[in-house]
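Colleague: Please read through the structure below; I'll follow up with questions.
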Amino acid sequence: QKEVEQNSGPLSVPEGAIASLNCTYSDRVSQSFFWYRQYSGKSPELIMSIYSNGDKEDGRFTAQLNKASQYVSLLIRDSQPSDSATYLCAVINAGGTSYGKLTFGQGTILTVHP
Amino acid sequence: GAVVSQHPSWVICKSGTSVKIECRSLDFQATTMFWYRQFPKQSLMLMATSNEGSKATYEQGVEKDKFLINHASLTLSTLTVTSAHPEDSSFYICSGGVNIQYFGAGTRLSVL
(Lines give C-alpha, C1' and ligand atoms only; values in the text may rest on other atoms or scores of the structure.)
Protein backbone atom coordinates (compact mmCIF):
# COMPACT_ATOMS: atom_id res chain seq x y z
CA GLN A 1 0.00 0.00 0.00
CA LYS A 2 1.32 3.42 -0.94
CA GLU A 3 1.81 5.87 1.90
CA VAL A 4 -0.28 8.54 0.22
CA GLU A 5 -2.83 7.71 -2.45
CA GLN A 6 -4.95 10.02 -4.56
CA ASN A 7 -7.94 9.27 -6.73
CA SER A 8 -6.46 8.25 -10.01
CA GLY A 9 -8.04 10.76 -12.34
CA PRO A 10 -7.80 12.43 -14.67
CA LEU A 11 -10.74 14.47 -13.47
CA SER A 12 -12.70 16.61 -15.86
CA VAL A 13 -15.34 19.09 -14.72
CA PRO A 14 -17.23 21.87 -16.48
CA GLU A 15 -16.52 25.47 -15.66
CA GLY A 16 -18.44 26.60 -12.60
CA ALA A 17 -18.77 23.10 -11.13
CA ILE A 18 -17.27 21.76 -7.93
CA ALA A 19 -14.12 19.68 -8.31
CA SER A 20 -13.51 17.12 -5.59
CA LEU A 21 -10.04 15.70 -5.05
CA ASN A 22 -9.44 12.92 -2.57
CA CYS A 23 -6.44 11.54 -0.75
CA THR A 24 -5.83 8.79 1.79
CA TYR A 25 -2.74 8.18 3.86
CA SER A 26 -1.48 5.12 5.67
CA ASP A 27 0.54 6.48 8.61
CA ARG A 28 -1.77 7.22 11.53
CA VAL A 29 0.78 9.51 13.18
CA SER A 30 0.78 11.91 10.23
CA GLN A 31 0.40 15.45 11.50
CA SER A 32 0.40 17.91 8.65
CA PHE A 33 -1.41 17.77 5.35
CA PHE A 34 -1.02 19.89 2.27
CA TRP A 35 -2.45 20.39 -1.17
CA TYR A 36 -0.14 21.71 -3.87
CA ARG A 37 -1.03 22.70 -7.41
CA GLN A 38 1.43 22.12 -10.22
CA TYR A 39 0.97 23.58 -13.66
CA SER A 40 2.69 21.82 -16.53
CA GLY A 41 6.36 22.76 -16.62
CA LYS A 42 6.22 24.63 -13.31
CA SER A 43 7.08 23.79 -9.73
CA PRO A 44 4.40 23.03 -7.12
CA GLU A 45 2.70 25.89 -5.32
CA LEU A 46 0.92 25.61 -2.01
CA ILE A 47 -2.88 25.77 -2.13
CA MET A 48 -3.88 24.70 1.36
CA SER A 49 -2.48 23.34 4.59
CA ILE A 50 -4.58 21.61 7.24
CA TYR A 51 -3.61 20.16 10.59
CA SER A 52 -6.77 19.38 12.55
CA ASN A 53 -9.98 17.51 11.82
CA GLY A 54 -12.70 19.40 10.02
CA ASP A 55 -12.90 21.89 7.22
CA LYS A 56 -10.64 24.77 6.32
CA GLU A 57 -11.79 27.27 3.75
CA ASP A 58 -9.76 29.75 1.72
CA GLY A 59 -11.64 31.47 -1.06
CA ARG A 60 -12.91 28.89 -3.53
CA PHE A 61 -10.88 26.13 -1.88
CA THR A 62 -11.94 23.95 1.05
CA ALA A 63 -9.72 21.31 2.58
CA GLN A 64 -11.30 18.59 4.70
CA LEU A 65 -9.42 16.34 7.11
CA ASN A 66 -10.66 13.21 8.86
CA LYS A 67 -7.85 11.64 10.84
CA ALA A 68 -9.97 8.71 12.01
CA SER A 69 -10.55 7.72 8.39
CA GLN A 70 -7.08 8.87 7.34
CA TYR A 71 -8.62 10.93 4.61
CA VAL A 72 -8.03 14.43 3.31
CA SER A 73 -9.83 16.11 0.46
CA LEU A 74 -9.83 19.34 -1.51
CA LEU A 75 -12.95 20.93 -2.92
CA ILE A 76 -12.70 23.62 -5.56
CA ARG A 77 -15.89 25.62 -5.96
CA ASP A 78 -16.80 27.51 -9.11
CA SER A 79 -14.01 25.77 -11.01
CA GLN A 80 -12.26 27.86 -13.62
CA PRO A 81 -10.20 26.79 -16.64
CA SER A 82 -7.20 28.31 -14.85
CA ASP A 83 -7.63 25.64 -12.16
CA SER A 84 -6.60 23.00 -14.72
CA ALA A 85 -3.43 21.50 -13.28
CA THR A 86 -2.07 18.53 -11.38
CA TYR A 87 -3.03 18.57 -7.71
CA LEU A 88 -0.65 16.94 -5.26
CA CYS A 89 -1.62 15.72 -1.82
CA ALA A 90 1.30 15.72 0.61
CA VAL A 91 1.80 14.60 4.18
CA ILE A 92 4.43 15.28 6.81
CA ASN A 93 4.77 12.50 9.31
CA ALA A 94 5.57 12.90 12.96
CA GLY A 95 9.01 11.84 14.03
CA GLY A 96 11.51 10.70 11.46
CA THR A 97 14.89 12.23 10.96
CA SER A 98 14.06 14.95 8.47
CA TYR A 99 11.65 17.58 9.68
CA GLY A 100 9.56 18.87 6.83
CA LYS A 101 10.00 15.84 4.59
CA LEU A 102 6.92 15.55 2.43
CA THR A 103 5.42 12.32 1.20
CA PHE A 104 3.45 12.95 -1.98
CA GLY A 105 0.58 11.19 -3.62
CA GLN A 106 0.86 10.47 -7.31
CA GLY A 107 -1.17 13.53 -8.21
CA THR A 108 -4.55 14.03 -9.84
CA ILE A 109 -4.81 15.82 -13.15
CA LEU A 110 -7.76 18.20 -13.19
CA THR A 111 -9.16 19.67 -16.37
CA VAL A 112 -11.83 22.35 -16.22
CA HIS A 113 -13.48 22.74 -19.58
CA PRO A 114 -15.35 25.88 -20.64
CA GLY B 1 4.62 32.40 2.63
CA ALA B 2 8.33 31.75 2.69
CA VAL B 3 10.34 32.57 -0.38
CA VAL B 4 12.66 30.04 -1.95
CA SER B 5 14.76 31.26 -4.83
CA GLN B 6 16.28 28.79 -7.26
CA HIS B 7 18.85 29.58 -9.92
CA PRO B 8 19.35 29.06 -12.80
CA SER B 9 15.89 28.38 -14.19
CA TRP B 10 17.25 26.75 -17.29
CA VAL B 11 20.63 25.36 -18.26
CA ILE B 12 22.02 23.54 -21.27
CA CYS B 13 25.36 21.82 -20.97
CA LYS B 14 27.55 19.40 -22.83
CA SER B 15 27.83 15.79 -21.77
CA GLY B 16 30.59 15.31 -19.21
CA THR B 17 30.42 18.76 -17.70
CA SER B 18 29.18 19.68 -14.23
CA VAL B 19 26.28 21.94 -13.42
CA LYS B 20 25.59 23.71 -10.14
CA ILE B 21 22.07 24.66 -9.07
CA GLU B 22 21.51 27.08 -6.20
CA CYS B 23 18.59 27.18 -3.80
CA ARG B 24 18.27 30.13 -1.43
CA SER B 25 15.90 30.83 1.40
CA LEU B 26 15.21 34.56 1.27
CA ASP B 27 13.18 35.19 4.41
CA PHE B 28 13.84 32.26 6.73
CA GLN B 29 16.70 30.18 8.01
CA ALA B 30 16.76 26.77 6.40
CA THR B 31 18.43 24.09 8.46
CA THR B 32 16.94 21.54 6.07
CA MET B 33 16.13 21.78 2.40
CA PHE B 34 15.01 19.13 -0.05
CA TRP B 35 15.99 18.37 -3.63
CA TYR B 36 13.61 16.73 -6.09
CA ARG B 37 13.79 15.59 -9.67
CA GLN B 38 10.86 15.32 -12.02
CA PHE B 39 10.76 13.69 -15.45
CA PRO B 40 8.04 14.66 -17.93
CA LYS B 41 4.57 13.46 -16.94
CA GLN B 42 5.95 11.81 -13.80
CA SER B 43 5.67 12.58 -10.11
CA LEU B 44 8.19 14.46 -8.05
CA MET B 45 10.95 12.19 -6.84
CA LEU B 46 12.82 13.14 -3.68
CA MET B 47 16.53 12.88 -4.30
CA ALA B 48 18.05 14.02 -1.04
CA THR B 49 17.68 16.00 2.14
CA SER B 50 20.18 18.80 2.52
CA ASN B 51 21.28 19.47 6.09
CA GLU B 52 23.01 22.68 7.08
CA GLY B 53 26.51 22.01 8.31
CA SER B 54 26.41 18.27 7.78
CA LYS B 55 26.18 15.64 5.09
CA ALA B 56 23.13 15.31 2.93
CA THR B 57 20.87 12.30 3.26
CA TYR B 58 20.28 10.62 -0.07
CA GLU B 59 17.28 8.55 -1.05
CA GLN B 60 17.79 4.99 -2.11
CA GLY B 61 19.09 4.70 -5.65
CA VAL B 62 20.44 8.25 -5.86
CA GLU B 63 24.18 8.41 -6.50
CA LYS B 64 25.68 10.69 -3.90
CA ASP B 65 28.94 11.04 -5.85
CA LYS B 66 27.05 12.21 -8.90
CA PHE B 67 24.66 14.58 -7.19
CA LEU B 68 26.76 16.60 -4.77
CA ILE B 69 24.89 18.62 -2.21
CA ASN B 70 26.40 21.39 -0.13
CA HIS B 71 24.54 23.28 2.57
CA ALA B 72 27.16 25.48 4.12
CA SER B 73 24.90 28.25 5.36
CA LEU B 74 21.37 28.66 6.65
CA THR B 75 20.27 30.35 3.44
CA LEU B 76 21.95 28.40 0.66
CA SER B 77 21.92 24.82 -0.53
CA THR B 78 23.53 23.78 -3.79
CA LEU B 79 23.12 20.72 -5.97
CA THR B 80 25.93 19.91 -8.38
CA VAL B 81 25.29 17.40 -11.12
CA THR B 82 28.74 16.06 -11.88
CA SER B 83 29.74 14.60 -15.24
CA ALA B 84 26.26 15.15 -16.56
CA HIS B 85 24.88 12.85 -19.22
CA PRO B 86 21.75 13.08 -21.38
CA GLU B 87 19.85 10.81 -18.98
CA ASP B 88 20.34 13.45 -16.27
CA SER B 89 18.22 15.86 -18.27
CA SER B 90 15.27 16.62 -16.02
CA PHE B 91 13.48 19.26 -13.98
CA TYR B 92 15.23 19.78 -10.63
CA ILE B 93 13.33 21.48 -7.82
CA CYS B 94 14.30 22.45 -4.29
CA SER B 95 12.08 23.15 -1.32
CA GLY B 96 12.44 24.68 2.09
CA GLY B 97 10.37 26.19 4.85
CA VAL B 98 9.74 26.34 8.57
CA ASN B 99 6.41 24.57 9.05
CA ILE B 100 5.37 24.49 5.41
CA GLN B 101 7.52 23.53 2.45
CA TYR B 102 7.74 26.07 -0.33
CA PHE B 103 9.26 25.20 -3.66
CA GLY B 104 11.76 27.01 -5.78
CA ALA B 105 10.80 27.72 -9.37
CA GLY B 106 12.83 24.75 -10.59
CA THR B 107 15.77 24.28 -12.93
CA ARG B 108 15.33 22.63 -16.28
CA LEU B 109 18.55 20.84 -17.19
CA SER B 110 19.24 19.72 -20.73
CA VAL B 111 22.41 17.72 -21.32
CA LEU B 112 23.48 17.47 -24.94
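Labels for the C-alpha coordinates follow display order: chains A, B, ..., residues from 1 in each chain, ligands from 1.
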What are the residues of chain A that have an atom within 7 Å of an atom of chain B, counting only C-alpha atoms, as an NGL selection string?
Modeller: :A and (42-45 or 100 or 106)
Colleague: Near Ser32 of chain A, counting only C-alpha atoms, which residues have an atom at most 10 Å away, once you skip same-chain residues fewer than 4 positions from it, shown as a list of chain:residue names?
Modeller: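 What passes the distance filter is A:Ser49, A:Ile50, A:Tyr51, A:Ser52, A:Ala90, A:Val91, A:Ile92, A:Asn93, A:Ala94, A:Gly100, A:Leu102, B:Asn99, B:Ile100.
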Colleague: Which of these residues is nearest to Ala84 of chain B, using only C-alpha atoms: B:Gly16, B:Pro8, B:Gly61, B:Gly53?
Modeller: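 Once distances to Ala84 of chain B are computed over only C-alpha atoms, the minimum belongs to B:Gly16.
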Colleague: In segment 9-83 of chain B, what's strand (DSSP E or B) per DSSP? Answer as a PyMOL selection string?
Modeller: chain B and resi 10-13+19-25+32-38+45-51+57-58+67-73+76-81
Colleague: Could you turn the residues from that selection into a file that holds N, CA and C atoms, as a tab-separated table (two decimals), in the first residue's frame?
Modeller:
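The result, written out as result_25.tsv:
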```
chain	number	residue	atom	x	y	z
B	10	TRP	N	17.11	27.57	-16.10
B	10	TRP	CA	17.25	26.75	-17.29
B	10	TRP	C	18.73	26.68	-17.64
B	11	VAL	N	19.22	25.49	-17.91
B	11	VAL	CA	20.63	25.36	-18.26
B	11	VAL	C	20.80	24.25	-19.29
B	12	ILE	N	21.63	24.53	-20.27
B	12	ILE	CA	22.02	23.54	-21.27
B	12	ILE	C	23.52	23.33	-21.12
B	13	CYS	N	23.92	22.08	-21.10
B	13	CYS	CA	25.36	21.82	-20.97
B	13	CYS	C	25.75	20.64	-21.84
B	19	VAL	N	27.23	20.83	-13.52
B	19	VAL	CA	26.28	21.94	-13.42
B	19	VAL	C	25.91	22.14	-11.96
B	20	LYS	N	25.95	23.40	-11.52
B	20	LYS	CA	25.59	23.71	-10.14
B	20	LYS	C	24.26	24.46	-10.11
B	21	ILE	N	23.37	24.02	-9.25
B	21	ILE	CA	22.07	24.66	-9.07
B	21	ILE	C	22.01	25.19	-7.64
B	22	GLU	N	21.58	26.45	-7.51
B	22	GLU	CA	21.51	27.08	-6.20
B	22	GLU	C	20.07	27.20	-5.71
B	23	CYS	N	19.89	27.02	-4.43
B	23	CYS	CA	18.59	27.18	-3.80
B	23	CYS	C	18.77	28.04	-2.55
B	24	ARG	N	18.11	29.19	-2.54
B	24	ARG	CA	18.27	30.13	-1.43
B	24	ARG	C	16.97	30.36	-0.70
B	25	SER	N	17.06	30.42	0.60
B	25	SER	CA	15.90	30.83	1.40
B	25	SER	C	16.06	32.33	1.65
B	32	THR	N	17.18	22.69	6.94
B	32	THR	CA	16.94	21.54	6.07
B	32	THR	C	16.29	22.02	4.78
B	33	MET	N	16.78	21.53	3.68
B	33	MET	CA	16.13	21.78	2.40
B	33	MET	C	16.08	20.45	1.66
B	34	PHE	N	15.23	20.38	0.66
B	34	PHE	CA	15.01	19.13	-0.05
B	34	PHE	C	15.21	19.34	-1.54
B	35	TRP	N	15.77	18.33	-2.18
B	35	TRP	CA	15.99	18.37	-3.63
B	35	TRP	C	15.18	17.26	-4.29
B	36	TYR	N	14.46	17.67	-5.35
B	36	TYR	CA	13.61	16.73	-6.09
B	36	TYR	C	14.03	16.73	-7.56
B	37	ARG	N	13.62	15.67	-8.22
B	37	ARG	CA	13.79	15.59	-9.67
B	37	ARG	C	12.45	15.14	-10.24
B	38	GLN	N	12.12	15.69	-11.39
B	38	GLN	CA	10.86	15.32	-12.02
B	38	GLN	C	11.06	15.15	-13.52
B	45	MET	N	10.20	13.23	-7.52
B	45	MET	CA	10.95	12.19	-6.84
B	45	MET	C	11.97	12.86	-5.91
B	46	LEU	N	11.86	12.58	-4.63
B	46	LEU	CA	12.82	13.14	-3.68
B	46	LEU	C	14.19	12.52	-3.92
B	47	MET	N	15.18	13.37	-4.10
B	47	MET	CA	16.53	12.88	-4.30
B	47	MET	C	17.31	12.85	-2.99
B	48	ALA	N	17.22	13.94	-2.23
B	48	ALA	CA	18.05	14.02	-1.04
B	48	ALA	C	17.55	15.12	-0.12
B	49	THR	N	17.93	14.99	1.13
B	49	THR	CA	17.68	16.00	2.14
B	49	THR	C	19.00	16.70	2.44
B	50	SER	N	18.98	18.01	2.30
B	50	SER	CA	20.18	18.80	2.52
B	50	SER	C	20.17	19.35	3.94
B	51	ASN	N	21.21	19.09	4.68
B	51	ASN	CA	21.28	19.47	6.09
B	51	ASN	C	22.39	20.49	6.30
B	57	THR	N	21.44	13.65	3.18
B	57	THR	CA	20.87	12.30	3.26
B	57	THR	C	20.25	11.99	1.92
B	58	TYR	N	20.74	10.96	1.27
B	58	TYR	CA	20.28	10.62	-0.07
B	58	TYR	C	19.23	9.51	-0.02
B	67	PHE	N	25.48	13.43	-7.58
B	67	PHE	CA	24.66	14.58	-7.19
B	67	PHE	C	25.19	15.10	-5.85
B	68	LEU	N	26.10	16.06	-5.96
B	68	LEU	CA	26.76	16.60	-4.77
B	68	LEU	C	25.92	17.72	-4.17
B	69	ILE	N	25.68	17.61	-2.89
B	69	ILE	CA	24.89	18.62	-2.21
B	69	ILE	C	25.74	19.28	-1.13
B	70	ASN	N	25.69	20.61	-1.13
B	70	ASN	CA	26.40	21.39	-0.13
B	70	ASN	C	25.43	22.36	0.52
B	71	HIS	N	25.46	22.40	1.83
B	71	HIS	CA	24.54	23.28	2.57
B	71	HIS	C	25.35	23.96	3.67
B	72	ALA	N	26.18	24.89	3.23
B	72	ALA	CA	27.16	25.48	4.12
B	72	ALA	C	26.62	26.63	4.95
B	73	SER	N	25.46	27.15	4.58
B	73	SER	CA	24.90	28.25	5.36
B	73	SER	C	23.41	28.03	5.53
B	76	LEU	N	21.55	28.87	1.99
B	76	LEU	CA	21.95	28.40	0.66
B	76	LEU	C	22.26	26.91	0.67
B	77	SER	N	21.59	26.21	-0.24
B	77	SER	CA	21.92	24.82	-0.53
B	77	SER	C	22.21	24.72	-2.02
B	78	THR	N	23.21	23.95	-2.38
B	78	THR	CA	23.53	23.78	-3.79
B	78	THR	C	23.53	22.31	-4.16
B	79	LEU	N	23.09	22.06	-5.39
B	79	LEU	CA	23.12	20.72	-5.97
B	79	LEU	C	24.01	20.78	-7.19
B	80	THR	N	25.05	19.98	-7.22
B	80	THR	CA	25.93	19.91	-8.38
B	80	THR	C	25.76	18.56	-9.05
B	81	VAL	N	25.37	18.62	-10.31
B	81	VAL	CA	25.29	17.40	-11.12
B	81	VAL	C	26.65	17.23	-11.78
```
Colleague: When distances are computed from only C-alpha atoms, which of A:Ile109, A:Cys23, A:Leu75, A:Val13 shows the smallest separation from Ile47 of chain A?
Modeller: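 With only C-alpha atoms as the atom set, the closest residue is A:Leu75.
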Colleague: Quick one: everything within 10 Å of Lys2 of chain A, counting only C-alpha atoms, minus sequence neighbours fewer than 3 positions away in the same chain. Send it as a ChimeraX atom specification.
Modeller: /A:5-6,24-26,104-106
Colleague: Could you save those same residues with N, CA and C atoms as a PDB file, in the first residue's frame?
Modeller:
```
ATOM      1  N   GLU A   5      -2.179   8.062  -1.196  1.00  0.00           N
ATOM      2  CA  GLU A   5      -2.835   7.706  -2.447  1.00  0.00           C
ATOM      3  C   GLU A   5      -3.900   8.733  -2.800  1.00  0.00           C
ATOM      4  N   GLN A   6      -3.939   9.092  -4.069  1.00  0.00           N
ATOM      5  CA  GLN A   6      -4.949  10.024  -4.559  1.00  0.00           C
ATOM      6  C   GLN A   6      -5.849   9.319  -5.562  1.00  0.00           C
ATOM      7  N   THR A  24      -5.921   9.570   0.565  1.00  0.00           N
ATOM      8  CA  THR A  24      -5.834   8.789   1.793  1.00  0.00           C
ATOM      9  C   THR A  24      -4.372   8.562   2.139  1.00  0.00           C
ATOM     10  N   TYR A  25      -4.107   8.381   3.418  1.00  0.00           N
ATOM     11  CA  TYR A  25      -2.736   8.182   3.859  1.00  0.00           C
ATOM     12  C   TYR A  25      -2.696   7.005   4.826  1.00  0.00           C
ATOM     13  N   SER A  26      -1.552   6.374   4.912  1.00  0.00           N
ATOM     14  CA  SER A  26      -1.485   5.125   5.666  1.00  0.00           C
ATOM     15  C   SER A  26      -0.917   5.291   7.080  1.00  0.00           C
ATOM     16  N   PHE A 104       4.432  12.523  -1.004  1.00  0.00           N
ATOM     17  CA  PHE A 104       3.446  12.946  -1.983  1.00  0.00           C
ATOM     18  C   PHE A 104       2.613  11.783  -2.478  1.00  0.00           C
ATOM     19  N   GLY A 105       1.365  12.095  -2.812  1.00  0.00           N
ATOM     20  CA  GLY A 105       0.578  11.190  -3.617  1.00  0.00           C
ATOM     21  C   GLY A 105       1.024  11.311  -5.064  1.00  0.00           C
ATOM     22  N   GLN A 106       0.428  10.503  -5.913  1.00  0.00           N
ATOM     23  CA  GLN A 106       0.858  10.472  -7.309  1.00  0.00           C
ATOM     24  C   GLN A 106       0.313  11.630  -8.116  1.00  0.00           C
TER      25      GLN A 106
END
```
Colleague: With a distance cut-off of 12 Å and only C-alpha atoms, select the neighbouring residues of segment 57-66 of chain A, excluding the residue or stretch itself and same-chain residues fewer than 4 positions from it, and output the selection as a PyMOL selection string.
Modeller: chain A and resi 16-25+28+30-37+46-53+70-80+83+89+91
Colleague: Given only C-alpha atoms as the basis, pick out the residue of B:Ala56, B:Val62, B:Lys14, B:Leu74 nearest to Leu109 of chain B.
Modeller: B:Lys14
